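Undergrad: Sharing a structure, written as structure tokens. Questions coming.
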Amino acid sequence: MFVTYSQFQINHSMTQLPTFSDIKLAHDRVRPFIHLTPVLTSMSINEIVGAELYFKCENLQKVGAFKFRGACNSVFALTEEEARNGVCTHSSGNHAAALALAARMRGIPAYIVMPNNAPEIKKKAVSGYGAQITFCEPTLTARESTLMKVAALTGATEIHPYNCFNVICGQGTAAKELIEEIGPLDIVMAPVGGGGLLSGTSISAKALLPGVQVIAAEPAGADDAFRSFQSKTLLPSVDPNTMADGLLTSLGTLTFPIIMNNVDQIVTVSEEKIVEAMRMIWERMKIIIEPSSAVPLAAILENKLVVKGKKIGIILSGGNVDLGKLPF
């Protein structure tokens, strides 16, 4: 059954959605543990697109992704009683690694359910941070049912990859840092999968820069957020097909209303442009990003939005690439 945005407004009228005050509290909580990632620019890319692009390099964050912010905030926000039996989640990779490291920093166990087709680099990272992995079939049903069993067996507290109040607040700290460093921007962009990064980014951007446009980019082969945004109805991701493996999931019941409230536009991009954008950043900026990170630049290269003469902030979401399976 699909749920429309108006139904969400009625059904979730009493649900507390994160505010910028919550993101500021999250920033205070995670600041001792996270990297203050750099904001980089490329003169050659700026010349190609005719705009000033400012890349917030979360590929240089701990565990190689923005996900550490949300996981860290969630783990350290737990009471002693909530944390006693550890934490658990299902994730294809970056959130799993982030939660595993955050749990290790707090000295509690982490139990991770991963689809058996997750990239090898992400499996290795999760086990390397000391988490106990349970593999499952690569479907949302299998992930959720396996996680229920793990949670029942261990008593661990579930930290959802994106549909979680404290995760969203943690993710919003990246855009907060970007805007505090660079100042006024015309557009802030992020990729969208489950919507945790986009939700947090949109809250910070609209609070700090009320006139800014928040624009998300999504692979055309996994366009559920685009379709949900257009129809104002939460639609599931069905058989997504994209190399951007971090963007395969559906929006959540928390992220959907935040995105509907704060985001100005969601655009889709081709796989060819994702490859072109990824390669451009590797070659011209000399940094490693994963395909999901390349999606916002791909939207600019594909002329999906008007950027000429504008200042644009882009969250580079991660840099965990299987080097044995490069798309170029």
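Each chain in the structure tokens gets a letter, A, B and so on, in the order shown; residues start at 1 in every chain, and ligands are counted from 1 in the order they appear.
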Please identify the alpha helix (DSSP H) residues within stretch 94-285 of chain A (assignment by DSSP from backbone atoms) and present them as a VMD selection string.
TA: chain A and resid 94 to 106 120 to 128 140 to 154 165 to 182 196 to 208 224 to 231 255 to 262 271 to 285
Undergrad: Which polymer residues have any atom within 10 Å of an atom of A:Asn117, counting only C-alpha atoms, with same-chain residues fewer than 6 positions away left out, as a PyMOL selection string?
TA: chain A and resi 92+123+135-138
Undergrad: Would you write out those residues with C-alpha atoms, as a PDB file, in the first residue's frame?
TA:
ATOM      1  CA  SER A  92      25.193  -3.067   2.417  1.00  0.00           C
ATOM      2  CA  LYS A 123      32.667  -6.765   3.987  1.00  0.00           C
ATOM      3  CA  PHE A 135      24.899 -12.639   5.799  1.00  0.00           C
ATOM      4  CA  CYS A 136      21.481 -12.821   4.131  1.00  0.00           C
ATOM      5  CA  GLU A 137      19.863 -12.764   0.702  1.00  0.00           C
ATOM      6  CA  PRO A 138      20.021  -9.350  -1.035  1.00  0.00           C
TER       7      PRO A 138
END
Undergrad: Could you tell me how far atom CA of A:His35 lies from atom CA of A:Arg69, in Å and to one decimal?
TA: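 Between atom CA of A:His35 and atom CA of A:Arg69 the gap works out to 9.2 Å.
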Undergrad: Which residue out of A:Phe68, A:Phe20, A:Phe256, A:Tyr111 has the minimum interatomic distance to A:Phe226 when only C-alpha atoms are used?
TA: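 Ranking A:Phe68, A:Phe20, A:Phe256, A:Tyr111 by distance to A:Phe226, first place goes to A:Phe256.
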Undergrad: Within 8 Å of A:Ile121, counting only C-alpha atoms, which residues qualify if same-chain residues fewer than 3 places away don't, as a short mmCIF file (atom, residue, chain, number, x, y, z; two decimals) with N, CA and C atoms, in the first residue's frame?
TA:
data_model
loop_
_atom_site.label_atom_id
_atom_site.label_comp_id
_atom_site.auth_asym_id
_atom_site.auth_seq_id
_atom_site.Cartn_x
_atom_site.Cartn_y
_atom_site.Cartn_z
N LYS A 124 35.08 -6.54 4.19
CA LYS A 124 36.36 -6.54 4.89
C LYS A 124 36.42 -5.42 5.93
N ALA A 125 35.91 -4.26 5.56
CA ALA A 125 35.93 -3.13 6.48
C ALA A 125 35.12 -3.42 7.73
N ASN A 320 34.58 4.45 -0.76
CA ASN A 320 34.87 3.02 -0.63
C ASN A 320 34.57 2.29 -1.94
N VAL A 321 35.62 2.08 -2.72
CA VAL A 321 35.49 1.50 -4.05
C VAL A 321 36.20 0.15 -4.08
N ASP A 322 35.56 -0.82 -4.70
CA ASP A 322 36.22 -2.09 -4.99
C ASP A 322 37.14 -1.88 -6.18
#
Undergrad: Identify which of the residues A:Ala83, A:Val192, A:Ser127, A:Thr173 lies closest to A:Asp28, counting only C-alpha atoms when measuring atom-to-atom distances.
TA: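 Of the candidates, the smallest distance to A:Asp28 is held by A:Thr173.
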Undergrad: Give me, as a list in words, all polymer residues having an atom no more than 10 Å from A:Met43, counting only C-alpha atoms and skipping those fewer than 6 positions away in the same chain.
TA: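 The residues satisfying every condition are Ala51, Glu52, Leu53, Arg284 and Met285 of chain A.
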Undergrad: Store the residues of this selection in a file with C-alpha atoms, as a short mmCIF file (atom, residue, chain, number, x, y, z; two decimals), in the first residue's frame.
TA:
data_model
loop_
_atom_site.label_atom_id
_atom_site.label_comp_id
_atom_site.auth_asym_id
_atom_site.auth_seq_id
_atom_site.Cartn_x
_atom_site.Cartn_y
_atom_site.Cartn_z
CA ALA A 51 30.03 27.36 -11.92
CA GLU A 52 31.89 27.36 -8.60
CA LEU A 53 31.69 23.89 -7.06
CA ARG A 284 41.23 16.21 -11.92
CA MET A 285 40.97 16.32 -8.11
#
